[in-house]
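Raw start37.txt, compact mmCIF, C-alpha atoms and all ligand atoms:
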# COMPACT_ATOMS: atom_id res chain seq x y z
CA MET A 1 58.41 32.23 96.32
CA THR A 2 56.76 35.05 98.23
CA THR A 3 53.27 34.09 99.42
CA LEU A 4 50.73 35.99 97.36
CA SER A 5 47.10 34.90 97.27
CA PRO A 6 46.46 32.89 94.08
CA ASP A 7 42.69 33.49 94.33
CA ARG A 8 42.35 37.14 93.46
CA PRO A 9 44.12 39.72 91.30
CA LEU A 10 47.05 41.29 93.11
CA HIS A 11 46.34 44.70 94.62
CA LEU A 12 49.16 46.84 93.24
CA GLY A 13 50.48 50.01 94.83
CA VAL A 14 52.18 52.62 92.64
CA VAL A 15 54.58 54.93 94.46
CA GLY A 16 55.00 58.14 92.46
CA GLY A 17 52.46 60.34 90.68
CA GLY A 18 54.66 61.52 87.83
CA ALA A 19 54.14 60.59 84.18
CA TRP A 20 55.40 57.03 84.48
CA GLY A 21 53.72 56.17 87.79
CA THR A 22 50.41 57.44 86.40
CA ALA A 23 50.79 55.50 83.14
CA LEU A 24 51.64 52.30 85.02
CA ALA A 25 48.62 52.80 87.29
CA GLN A 26 46.50 53.13 84.14
CA VAL A 27 47.83 49.81 82.81
CA ALA A 28 47.45 48.06 86.16
CA ALA A 29 43.91 49.37 86.76
CA ALA A 30 42.61 47.26 83.89
CA GLY A 31 43.54 44.05 85.73
CA GLY A 32 42.68 44.63 89.38
CA PRO A 33 42.82 47.11 92.26
CA VAL A 34 45.42 49.90 92.17
CA THR A 35 46.36 52.46 94.78
CA LEU A 36 48.61 55.30 93.63
CA TRP A 37 50.56 57.17 96.30
CA ALA A 38 51.89 60.64 95.44
CA ARG A 39 53.38 63.44 97.52
CA SER A 40 51.31 66.15 95.92
CA ALA A 41 47.72 66.66 97.13
CA GLU A 42 47.04 68.52 93.87
CA VAL A 43 48.00 65.46 91.81
CA VAL A 44 46.00 63.13 94.07
CA ASP A 45 42.90 65.34 93.95
CA ALA A 46 43.05 65.62 90.16
CA ILE A 47 43.31 61.83 89.76
CA ASN A 48 40.43 61.10 92.18
CA ARG A 49 38.15 63.94 91.09
CA ASP A 50 38.86 64.42 87.38
CA HIS A 51 40.52 61.09 86.51
CA ALA A 52 43.40 63.08 85.05
CA ASN A 53 46.93 64.15 85.92
CA PRO A 54 47.34 67.42 84.00
CA ALA A 55 50.56 68.29 85.84
CA TYR A 56 52.51 65.25 84.63
CA LEU A 57 50.45 63.39 82.02
CA PRO A 58 48.29 66.01 80.29
CA GLY A 59 45.57 65.02 77.84
CA VAL A 60 45.09 61.46 79.11
CA ALA A 61 41.74 60.24 80.47
CA LEU A 62 42.57 57.98 83.41
CA SER A 63 40.66 54.95 84.62
CA PRO A 64 38.21 55.86 87.42
CA ALA A 65 39.38 52.65 89.12
CA ILE A 66 42.70 54.29 90.11
CA VAL A 67 42.54 55.33 93.76
CA ALA A 68 45.10 58.03 94.57
CA THR A 69 46.24 59.04 98.03
CA THR A 70 48.85 61.05 99.91
CA ASP A 71 48.39 58.73 102.90
CA SER A 72 51.22 56.21 102.94
CA ALA A 73 49.23 53.92 105.29
CA ALA A 74 47.04 53.06 102.29
CA LEU A 75 49.96 51.09 100.84
CA GLN A 76 49.59 48.54 103.66
CA SER A 77 46.77 46.79 101.82
CA CYS A 78 48.82 46.31 98.64
CA ASP A 79 50.32 42.95 97.65
CA ALA A 80 53.23 44.45 95.69
CA LEU A 81 54.52 47.97 95.02
CA LEU A 82 55.76 49.58 91.83
CA LEU A 83 58.35 52.21 92.77
CA VAL A 84 58.32 55.06 90.25
CA THR A 85 59.93 58.10 91.89
CA PRO A 86 63.11 59.63 90.46
CA ALA A 87 66.16 57.44 91.13
CA GLN A 88 67.95 60.02 93.28
CA HIS A 89 65.01 60.05 95.74
CA MET A 90 64.45 56.30 95.81
CA ARG A 91 66.40 55.68 99.03
CA ASP A 92 64.41 58.29 100.98
CA VAL A 93 61.15 56.98 99.56
CA MET A 94 61.99 53.39 100.52
CA ALA A 95 63.05 54.45 103.98
CA GLY A 96 60.07 56.74 104.55
CA LEU A 97 57.11 54.65 103.39
CA PRO A 98 55.62 51.56 105.08
CA MET A 99 56.68 49.00 102.49
CA GLY A 100 57.20 45.97 104.72
CA ASP A 101 58.63 42.97 102.88
CA ARG A 102 56.12 42.91 100.01
CA PRO A 103 57.63 42.55 96.50
CA LEU A 104 58.99 45.76 95.01
CA ILE A 105 58.95 46.38 91.26
CA LEU A 106 61.59 49.01 90.50
CA CYS A 107 60.59 51.18 87.55
CA SER A 108 63.01 54.12 87.80
CA LYS A 109 66.09 54.43 85.62
CA GLY A 110 69.25 55.69 87.25
CA ILE A 111 72.30 55.11 89.43
CA GLU A 112 72.46 56.63 92.91
CA ALA A 113 74.87 59.57 93.22
CA GLY A 114 77.39 59.21 96.01
CA THR A 115 77.06 55.41 96.35
CA GLN A 116 77.30 54.25 92.70
CA LEU A 117 74.45 51.82 93.50
CA LEU A 118 71.79 50.56 91.11
CA MET A 119 68.20 50.80 92.37
CA SER A 120 68.13 47.05 93.20
CA GLU A 121 71.25 47.55 95.31
CA VAL A 122 69.65 50.50 97.10
CA ALA A 123 66.58 48.33 97.70
CA ALA A 124 68.74 45.50 99.05
CA GLU A 125 70.15 47.95 101.61
CA CYS A 126 66.84 49.60 102.55
CA ARG A 127 64.49 46.62 102.28
CA PRO A 128 66.65 43.47 102.56
CA ASP A 129 63.65 41.16 102.96
CA ALA A 130 61.65 42.45 100.00
CA PRO A 131 61.79 40.41 96.77
CA ILE A 132 62.89 42.64 93.90
CA ALA A 133 61.80 42.90 90.27
CA VAL A 134 62.78 45.49 87.66
CA LEU A 135 60.47 46.80 84.95
CA SER A 136 62.27 48.58 82.13
CA GLY A 137 62.18 49.07 78.37
CA PRO A 138 61.18 51.49 75.61
CA THR A 139 58.18 53.14 77.22
CA PHE A 140 57.14 56.72 76.68
CA ALA A 141 54.52 57.21 79.38
CA HIS A 142 52.03 59.09 77.18
CA GLU A 143 51.98 56.24 74.64
CA VAL A 144 51.51 53.58 77.32
CA ALA A 145 48.70 55.57 78.94
CA ALA A 146 47.03 55.95 75.55
CA GLY A 147 47.04 52.17 75.10
CA LEU A 148 49.56 52.08 72.24
CA PRO A 149 51.43 48.75 71.90
CA THR A 150 54.45 48.52 74.18
CA ALA A 151 56.82 45.72 75.27
CA VAL A 152 58.95 45.75 78.42
CA THR A 153 61.43 43.59 80.29
CA LEU A 154 60.27 42.35 83.69
CA ALA A 155 63.37 41.01 85.43
CA CYS A 156 63.13 38.95 88.61
CA GLU A 157 65.44 36.25 89.95
CA ASP A 158 62.40 34.37 91.31
CA ASP A 159 60.78 33.25 88.06
CA ALA A 160 57.50 32.20 89.73
CA LEU A 161 57.13 35.67 91.23
CA GLY A 162 58.19 37.27 87.94
CA GLU A 163 55.49 35.27 86.14
CA ARG A 164 52.82 36.29 88.66
CA LEU A 165 53.74 39.95 88.35
CA ALA A 166 53.97 39.77 84.55
CA ASN A 167 50.52 38.18 84.32
CA ARG A 168 49.08 40.87 86.57
CA ILE A 169 50.32 43.81 84.49
CA ALA A 170 50.07 42.29 80.99
CA ARG A 171 47.52 43.68 78.53
CA SER A 172 47.17 43.11 74.80
CA SER A 173 48.83 46.53 74.41
CA PHE A 174 51.40 46.03 77.22
CA ARG A 175 53.57 42.97 76.89
CA PRO A 176 56.11 42.09 79.59
CA TYR A 177 58.93 39.70 78.67
CA ARG A 178 60.43 37.89 81.68
CA SER A 179 64.15 37.83 82.48
CA ALA A 180 66.29 36.76 85.42
CA ASP A 181 68.90 39.47 84.76
CA VAL A 182 67.92 42.26 87.17
CA VAL A 183 71.23 44.11 86.82
CA GLY A 184 71.10 43.96 83.01
CA ALA A 185 67.60 45.46 82.96
CA GLU A 186 68.69 48.28 85.25
CA ILE A 187 71.90 49.13 83.41
CA GLY A 188 70.14 49.45 80.08
CA GLY A 189 67.70 52.03 81.46
CA ALA A 190 70.27 54.01 83.41
CA VAL A 191 72.92 54.21 80.69
CA LYS A 192 70.58 54.96 77.79
CA ASN A 193 69.45 58.16 79.52
CA VAL A 194 73.01 59.50 79.42
CA LEU A 195 73.47 58.42 75.79
CA ALA A 196 70.15 60.05 74.85
CA ILE A 197 71.55 63.38 76.04
CA ALA A 198 74.50 62.83 73.67
CA CYS A 199 72.14 62.04 70.78
CA GLY A 200 70.21 65.21 71.56
CA VAL A 201 73.46 67.17 71.32
CA VAL A 202 74.06 65.70 67.86
CA SER A 203 70.61 66.87 66.80
CA GLY A 204 70.79 70.28 68.45
CA HIS A 205 74.20 70.97 66.94
CA GLY A 206 73.03 69.91 63.49
CA LEU A 207 75.56 67.10 63.08
CA GLY A 208 73.32 64.99 60.84
CA GLN A 209 71.77 61.55 60.84
CA ASN A 210 75.00 59.63 60.16
CA ALA A 211 76.41 61.02 63.39
CA GLY A 212 73.20 60.12 65.25
CA ALA A 213 73.36 56.51 64.09
CA ALA A 214 77.09 56.29 64.88
CA LEU A 215 76.40 57.61 68.34
CA ILE A 216 73.71 55.00 69.01
CA ALA A 217 76.06 52.20 67.89
CA ARG A 218 79.12 53.49 69.75
CA GLY A 219 76.94 54.33 72.75
CA PHE A 220 75.68 50.77 72.74
CA ALA A 221 79.32 49.58 72.76
CA GLU A 222 79.83 51.67 75.93
CA MET A 223 76.68 50.25 77.48
CA ALA A 224 77.83 46.71 76.64
CA ARG A 225 81.31 47.25 78.16
CA PHE A 226 79.85 48.77 81.31
CA GLY A 227 77.18 46.08 81.57
CA ALA A 228 79.73 43.28 81.18
CA ALA A 229 81.81 44.78 83.99
CA LYS A 230 78.73 44.87 86.24
CA GLY A 231 77.72 41.29 85.42
CA ALA A 232 74.85 41.96 82.99
CA THR A 233 74.25 39.45 80.21
CA SER A 234 74.82 40.61 76.64
CA ALA A 235 71.34 39.29 75.74
CA SER A 236 69.72 41.71 78.20
CA LEU A 237 71.67 44.64 76.84
CA ALA A 238 70.65 43.75 73.29
CA GLY A 239 67.01 43.45 74.42
CA LEU A 240 64.13 45.77 75.25
CA ALA A 241 65.69 47.34 78.34
CA GLY A 242 69.01 48.02 76.60
CA LEU A 243 69.15 48.53 72.84
CA GLY A 244 65.35 48.87 72.57
CA ASP A 245 65.20 51.76 75.01
CA LEU A 246 68.40 53.30 73.63
CA VAL A 247 66.91 53.50 70.13
CA LEU A 248 63.64 54.98 71.41
CA THR A 249 65.19 57.59 73.65
CA CYS A 250 67.85 58.60 71.14
CA SER A 251 65.30 59.25 68.40
CA SER A 252 62.72 61.66 69.71
CA THR A 253 62.20 64.99 71.41
CA ALA A 254 59.47 63.21 73.37
CA SER A 255 62.43 62.11 75.52
CA ARG A 256 63.32 64.56 78.31
CA ASN A 257 66.94 63.39 78.15
CA PHE A 258 67.16 63.83 74.37
CA SER A 259 65.56 67.30 74.65
CA LEU A 260 68.06 68.32 77.30
CA GLY A 261 70.80 67.30 74.88
CA VAL A 262 69.21 69.33 72.07
CA GLY A 263 69.48 72.42 74.28
CA LEU A 264 73.11 71.65 75.10
CA GLY A 265 73.82 71.12 71.41
CA ARG A 266 72.45 74.59 70.70
CA GLY A 267 74.96 75.99 73.16
CA GLU A 268 72.61 76.53 76.12
CA ARG A 269 73.93 75.87 79.62
CA ALA A 270 72.82 72.77 81.54
CA VAL A 271 72.18 74.78 84.66
CA ASP A 272 69.69 77.00 82.79
CA LEU A 273 68.04 74.11 80.97
CA LEU A 274 67.57 72.13 84.18
CA ALA A 275 66.34 75.11 86.19
CA HIS A 276 63.26 75.42 84.00
CA ARG A 277 62.20 71.79 84.22
CA ARG A 278 59.38 70.42 86.32
CA THR A 279 59.90 66.87 85.11
CA VAL A 280 62.93 64.67 85.60
CA ALA A 281 65.77 64.10 83.09
CA GLU A 282 67.46 61.21 84.90
CA GLY A 283 70.54 61.20 82.66
CA ALA A 284 71.71 64.52 84.12
CA ALA A 285 72.06 63.01 87.59
CA THR A 286 73.27 59.63 86.36
CA ALA A 287 76.03 60.91 84.00
CA PRO A 288 78.56 61.90 86.71
CA VAL A 289 78.02 58.77 88.79
CA LEU A 290 78.12 56.57 85.67
CA VAL A 291 81.48 58.06 84.67
CA GLU A 292 82.80 57.72 88.22
CA THR A 293 81.71 54.06 88.34
CA ALA A 294 83.10 53.29 84.88
CA ARG A 295 86.48 54.79 85.79
CA ALA A 296 86.57 52.73 88.99
CA LEU A 297 85.81 49.59 86.95
CA GLY A 298 88.37 50.48 84.26
CA VAL A 299 85.65 50.77 81.59
CA GLU A 300 86.18 53.30 78.81
CA MET A 301 83.06 55.44 78.15
CA PRO A 302 84.12 58.46 76.11
CA ILE A 303 80.56 59.47 75.10
CA ALA A 304 79.38 59.39 78.71
CA GLU A 305 82.51 61.38 79.68
CA ALA A 306 81.67 64.02 77.06
CA VAL A 307 78.07 64.29 78.32
CA CYS A 308 79.34 64.68 81.85
CA ALA A 309 81.78 67.45 80.87
CA LEU A 310 79.05 69.29 78.97
CA LEU A 311 76.61 69.05 81.87
CA SER A 312 79.15 70.39 84.34
CA GLY A 313 79.91 73.30 82.00
CA ASP A 314 83.62 72.35 81.95
CA VAL A 315 83.68 72.13 78.14
CA ALA A 316 81.84 74.04 75.42
CA VAL A 317 79.79 71.97 72.98
CA GLY A 318 82.15 72.49 70.01
CA ALA A 319 85.17 71.42 72.04
CA ALA A 320 83.38 68.34 73.42
CA ILE A 321 82.50 67.19 69.90
CA GLU A 322 86.04 67.92 68.66
CA GLN A 323 87.57 65.93 71.52
CA LEU A 324 85.32 62.95 70.82
CA LEU A 325 86.06 62.93 67.10
CA THR A 326 89.85 63.28 67.39
CA ARG A 327 90.46 60.40 69.79
CA PRO A 328 93.02 57.81 68.60
CA LEU A 329 91.55 55.29 66.16
CA THR A 330 90.74 51.88 67.68
CA PRO A 331 89.36 48.52 66.52
CA GLU A 332 85.56 48.58 66.45
CA HIS A 333 85.05 45.50 68.60
CA ARG A 334 86.72 45.17 71.98
CA LEU A 335 85.51 44.55 75.49
N1 LIG B 401 58.09 59.30 81.76
C1 LIG B 401 58.41 58.19 81.12
O1 LIG B 401 58.06 58.03 79.95
C2 LIG B 401 59.20 57.11 81.82
C3 LIG B 401 59.19 55.84 81.27
C4 LIG B 401 59.93 54.84 81.88
C5 LIG B 401 60.65 55.11 83.04
N2 LIG B 401 60.63 56.36 83.55
C6 LIG B 401 61.39 56.57 84.80
O2 LIG B 401 60.46 56.70 85.88
C7 LIG B 401 61.00 57.55 86.89
C8 LIG B 401 60.00 58.63 87.19
O3 LIG B 401 59.83 59.38 86.00
P1 LIG B 401 58.52 60.18 85.66
O4 LIG B 401 58.51 60.38 84.19
O5 LIG B 401 57.32 59.57 86.28
O6 LIG B 401 58.84 61.57 86.38
P2 LIG B 401 58.07 62.96 86.26
O7 LIG B 401 59.09 63.98 85.97
O8 LIG B 401 56.87 62.86 85.40
O9 LIG B 401 57.57 63.16 87.75
C9 LIG B 401 58.46 63.12 88.83
C10 LIG B 401 57.70 62.61 90.01
O10 LIG B 401 58.61 62.43 91.09
C11 LIG B 401 58.07 63.05 92.23
N3 LIG B 401 59.16 63.46 93.11
C12 LIG B 401 60.05 64.44 92.91
N4 LIG B 401 60.86 64.52 93.96
C13 LIG B 401 60.48 63.56 94.83
C14 LIG B 401 60.92 63.15 96.10
N5 LIG B 401 61.91 63.77 96.73
N6 LIG B 401 60.31 62.10 96.71
C15 LIG B 401 59.27 61.50 96.11
N7 LIG B 401 58.80 61.84 94.90
C16 LIG B 401 59.40 62.86 94.28
C17 LIG B 401 57.27 64.22 91.69
O11 LIG B 401 56.34 64.67 92.67
C18 LIG B 401 56.63 63.57 90.49
O12 LIG B 401 55.49 62.83 90.89
C19 LIG B 401 62.34 58.06 86.33
O13 LIG B 401 63.37 57.27 86.83
C20 LIG B 401 62.21 57.84 84.82
O14 LIG B 401 63.47 57.64 84.20
C21 LIG B 401 59.91 57.37 82.99
O1 LIG B 402 61.78 61.04 78.66
P1 LIG B 402 62.94 60.19 79.06
O2 LIG B 402 64.21 60.57 78.36
O3 LIG B 402 63.08 60.13 80.56
O4 LIG B 402 62.63 58.69 78.58
C1 LIG B 402 61.45 58.08 79.02
C2 LIG B 402 61.60 56.57 79.01
O5 LIG B 402 62.66 56.17 79.83
C3 LIG B 402 61.72 55.98 77.63
O6 LIG B 402 61.77 54.57 77.73
Serialized structure, structure tokens:
Amino acid sequence: MTTLSPDRPLHLGVVGGGAWGTALAQVAAAGGPVTLWARSAEVVDAINRDHANPAYLPGVALSPAIVATTDSAALQSCDALLLVTPAQHMRDVMAGLPMGDRPLILCSKGIEAGTQLLMSEVAAECRPDAPIAVLSGPTFAHEVAAGLPTAVTLACEDDALGERLANRIARSSFRPYRSADVVGAEIGGAVKNVLAIACGVVSGHGLGQNAGAALIARGFAEMARFGAAKGATSASLAGLAGLGDLVLTCSSTASRNFSLGVGLGRGERAVDLLAHRRTVAEGAATAPVLVETARALGVEMPIAEAVCALLSGDVAVGAAIEQLLTRPLTPEHRL
């Protein structure tokens, strides 16, 4: 196990001042010191001065114990770092900040475009000596920051380290469940974002609740096939980071991915919808690389393929739905 002092609460660093980084800093601040690093001086000033992050987490009163900074050297005093920047920027962030070999808790949900790598695989390339954990699950940032009850998966191959990290972030309203299946935790979070776009399309196009439920179930079948091909356990995919997060994100316009799908379902173009966003909808970047990876692995993912075609503008929404519904009939259960 990595040597971490047993005598004091771990000093956690949070890398990323978006909604999720801020919410995780709020949780962590209740159990010990927290330093939040963000690129934006405006975000850092608001957190330090007003104990608020109106740009990314409006309406939430933050703990005054959160110390925010744009100075990456401040991360040197941290025992472990939670990485919470968008997945497509994770490699640059890992390469650019002084992270050393302290444990990294990966909290972003996506697959890297161009390399088809999960965040743990990117970390293994950029920081080969750093122990890795993954935190994932059904977690709308505004609910977590407001102290509403939430459960997550904390996956780490080193169970002693996983236990130490879980104990450090646990609250009565924030309950981490440990797992050794890092890849399973990551795949759930990355794939559900793409499927949430599809569920948004169902809603935006007015296809009804039967279709929404069918899409969650058939989407889960795609997630399970993809996860099996990547070595994830079926228990992980049926857990918080897989099915749990899929159900949450496919059910609410509080999800950025679902909302993007609603716009697509109404016939708006992805390029226009994405141009007006300040916040990240990870599924838009993950969909093409997920489809590419699935094809390379020989895994059939027709819903993900349809999302990808809609995002690229290759197919109109009516045609995408028609294509999905007129595929040859198959048995329900196959891997
Ligand atoms: N918001 C949630 O409820 C939630 C919950 C769980 C997981 N996540 C995941 O956490 C990750 C971050 O999401 P978020 O909601 O905090 O994002 P956000 O949209 O609220 O904020 C994005 C953040 O990324 C920063 N950023 C943008 N480009 C960057 C770059 N090149 N380098 C470094 N930082 C950059 C922005 O400054 C901002 O702080 C995503 O992978 C998301 O899927 C989000
Ligand atoms: O708003 P979304 O779609 O990025 O979803 C946020 C979280 O991942 C939900 O668990």
Could you tell me which of A:Val60, A:Ala316, A:Cys308, A:Ala55 comes closest to ligand LIG 401 (chain B) if we count only C-alpha atoms and all ligand atoms?
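Checking each candidate against ligand LIG 401 (chain B), we get A:Ala55 as the closest.
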Between A:Asp272, A:Asp50, A:Glu282, A:Glu121, which one has atoms that come closest to ligand LIG 402 (chain B), using all atoms listed in the file?
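For ligand LIG 402 (chain B), the nearest of the candidates is A:Glu282.
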Skipping near chain neighbours, those fewer than 2 positions away, what residues fall within 12 Å of A:Gly96 using all atoms listed in the file, listed as a list of chain:residue names?
A:Val15, A:Arg39, A:Asp71, A:Ser72, A:Ala73, A:His89, A:Met90, A:Arg91, A:Asp92, A:Val93, A:Met94, A:Pro98, A:Met99, A:Gly100, A:Cys126, A:Arg127
Nearby residues, ligand LIG 401 (chain B), 7 Å, all atoms listed in the file, as an MDAnalysis selection string
chainID A and resid 16:21 38:40 56 84:87 89 93 107:110 136 139:142 278:282
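For the pair atom CA of A:Ala52 and atom CA of A:Asn167, the separation is 25.9 Å.
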One-decimal distance in Å that lies between atom CA of A:Ile132 and atom CA of A:Asn53
27.9 Å
For chain A versus ligand LIG 402 (chain B), which residues have an atom no more than 9 Å away, and what is each residue's nearest atom pair and distance in Å rounded to one decimal, using all atoms listed in the file, chain-then-number order, as a tab-separated table?
residue	atom	partner	partner_atom	distance
A:Trp20	CA	B:LIG402	C1	8.2
A:Ser108	CA	B:LIG402	O5	8.2
A:Lys109	CA	B:LIG402	O5	7.0
A:Ser136	CA	B:LIG402	O6	7.4
A:Gly137	CA	B:LIG402	O6	5.6
A:Pro138	CA	B:LIG402	O6	3.8
A:Thr139	CA	B:LIG402	O6	3.9
A:Phe140	CA	B:LIG402	C3	4.7
A:Ala141	CA	B:LIG402	C1	7.0
A:Gly189	CA	B:LIG402	O5	6.7
A:Ala190	CA	B:LIG402	O5	8.7
A:Lys192	CA	B:LIG402	O5	8.3
A:Asn193	CA	B:LIG402	O2	5.9
A:Val194	CA	B:LIG402	O2	8.9
A:Ala196	CA	B:LIG402	O2	6.9
A:Ile197	CA	B:LIG402	O2	8.2
A:Ala241	CA	B:LIG402	O6	8.2
A:Gly244	CA	B:LIG402	O6	8.5
A:Asp245	CA	B:LIG402	O6	5.2
A:Leu246	CA	B:LIG402	O6	7.9
A:Leu248	CA	B:LIG402	C3	6.6
A:Thr249	CA	B:LIG402	C3	5.5
A:Cys250	CA	B:LIG402	O2	8.3
A:Ser252	CA	B:LIG402	O2	8.8
A:Thr253	CA	B:LIG402	O1	8.3
A:Ala254	CA	B:LIG402	O1	6.2
A:Ser255	CA	B:LIG402	O1	3.4
A:Arg256	CA	B:LIG402	O1	3.9
A:Asn257	CA	B:LIG402	O2	3.9
A:Phe258	CA	B:LIG402	O2	5.9
A:Ser259	CA	B:LIG402	O2	7.8
A:Leu260	CA	B:LIG402	O2	8.7
A:Thr279	CA	B:LIG402	O3	8.7
A:Val280	CA	B:LIG402	O3	6.8
A:Ala281	CA	B:LIG402	O3	5.4
A:Glu282	CA	B:LIG402	O3	6.3
A:Gly283	CA	B:LIG402	O2	7.7
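Taking atom CA of A:Thr35 and atom CA of A:Leu57 as endpoints, the distance between them is 17.3 Å.
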Could you check the closest approach to A:Ala270 for each of A:Leu297, A:Val315, A:Ala304, A:Ala25 and tell me which residue wins, using all atoms listed in the file?
A:Val315
Residues within 10 Å of (46.3, 51.1, 90.1), counting only C-alpha atoms, listed as a list in words
His11, Leu12, Gly13, Val14, Gly21, Thr22, Ala23, Leu24, Ala25, Gln26, Val27, Ala28, Ala29, Ala30, Gly31, Gly32, Pro33, Val34, Thr35, Leu36, Trp37, Ser63, Pro64, Ala65, Ile66, Val67, Ala68 and Leu82 of chain A
Do you know which residues are at most 12 Å from A:Ala133 counting all atoms listed in the file, after dropping those on the same chain fewer than 4 positions away, and could you put them as a ChimeraX atom specification?
/A:80-83,102-108,119-121,123-124,153-166,178-186
Considering all atoms listed in the file, can you say which of A:Leu195, A:Val144, A:Gln323, A:Gly212 comes closest to A:Ala170?
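Among the listed residues, the smallest separation from A:Ala170 belongs to A:Val144.
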Quick one: residues within 9 Å of (41.4, 62.1, 78.2) (file frame), counting only C-alpha atoms, please, as a PyMOL selection string.
chain A and resi 51-52+58-62+146
Of the residues A:Ala306, A:Val291, A:Glu332, A:Val262, which is the one nearest to A:Ala113, using all atoms listed in the file?
A:Val291
Please output stretch 53-68 of chain A, rebuilt to include N, CA and C atoms, as a JSON list (two decimals), keeping the file's coordinate frame.
[["chain", "number", "residue", "atom", "x", "y", "z"],
["A", 53, "ASN", "N", 45.74, 63.63, 85.24],
["A", 53, "ASN", "CA", 46.93, 64.15, 85.92],
["A", 53, "ASN", "C", 47.56, 65.22, 85.02],
["A", 54, "PRO", "N", 46.89, 66.40, 84.96],
["A", 54, "PRO", "CA", 47.34, 67.42, 84.00],
["A", 54, "PRO", "C", 48.76, 67.91, 84.27],
["A", 55, "ALA", "N", 49.22, 67.80, 85.52],
["A", 55, "ALA", "CA", 50.56, 68.29, 85.84],
["A", 55, "ALA", "C", 51.65, 67.44, 85.19],
["A", 56, "TYR", "N", 51.44, 66.14, 85.12],
["A", 56, "TYR", "CA", 52.51, 65.25, 84.63],
["A", 56, "TYR", "C", 52.15, 64.43, 83.40],
["A", 57, "LEU", "N", 50.84, 64.20, 83.18],
["A", 57, "LEU", "CA", 50.45, 63.39, 82.02],
["A", 57, "LEU", "C", 49.24, 64.05, 81.36],
["A", 58, "PRO", "N", 49.43, 65.26, 80.80],
["A", 58, "PRO", "CA", 48.29, 66.01, 80.29],
["A", 58, "PRO", "C", 47.62, 65.30, 79.11],
["A", 59, "GLY", "N", 46.30, 65.50, 79.02],
["A", 59, "GLY", "CA", 45.57, 65.02, 77.84],
["A", 59, "GLY", "C", 45.19, 63.55, 77.90],
["A", 60, "VAL", "N", 45.41, 62.88, 79.02],
["A", 60, "VAL", "CA", 45.09, 61.46, 79.11],
["A", 60, "VAL", "C", 43.91, 61.27, 80.07],
["A", 61, "ALA", "N", 42.87, 60.57, 79.60],
["A", 61, "ALA", "CA", 41.74, 60.24, 80.47],
["A", 61, "ALA", "C", 42.10, 58.98, 81.25],
["A", 62, "LEU", "N", 42.15, 59.10, 82.57],
["A", 62, "LEU", "CA", 42.57, 57.98, 83.41],
["A", 62, "LEU", "C", 41.39, 57.12, 83.83],
["A", 63, "SER", "N", 41.70, 55.86, 84.13],
["A", 63, "SER", "CA", 40.66, 54.95, 84.62],
["A", 63, "SER", "C", 40.12, 55.44, 85.96],
["A", 64, "PRO", "N", 38.78, 55.48, 86.12],
["A", 64, "PRO", "CA", 38.21, 55.86, 87.42],
["A", 64, "PRO", "C", 38.55, 54.85, 88.51],
["A", 65, "ALA", "N", 39.05, 53.68, 88.12],
["A", 65, "ALA", "CA", 39.38, 52.65, 89.12],
["A", 65, "ALA", "C", 40.67, 52.98, 89.88],
["A", 66, "ILE", "N", 41.45, 53.94, 89.40],
["A", 66, "ILE", "CA", 42.70, 54.29, 90.11],
["A", 66, "ILE", "C", 42.34, 55.10, 91.35],
["A", 67, "VAL", "N", 42.77, 54.60, 92.50],
["A", 67, "VAL", "CA", 42.54, 55.33, 93.76],
["A", 67, "VAL", "C", 43.86, 55.99, 94.15],
["A", 68, "ALA", "N", 43.86, 57.33, 94.22],
["A", 68, "ALA", "CA", 45.10, 58.03, 94.57],
["A", 68, "ALA", "C", 45.03, 58.52, 96.01]]
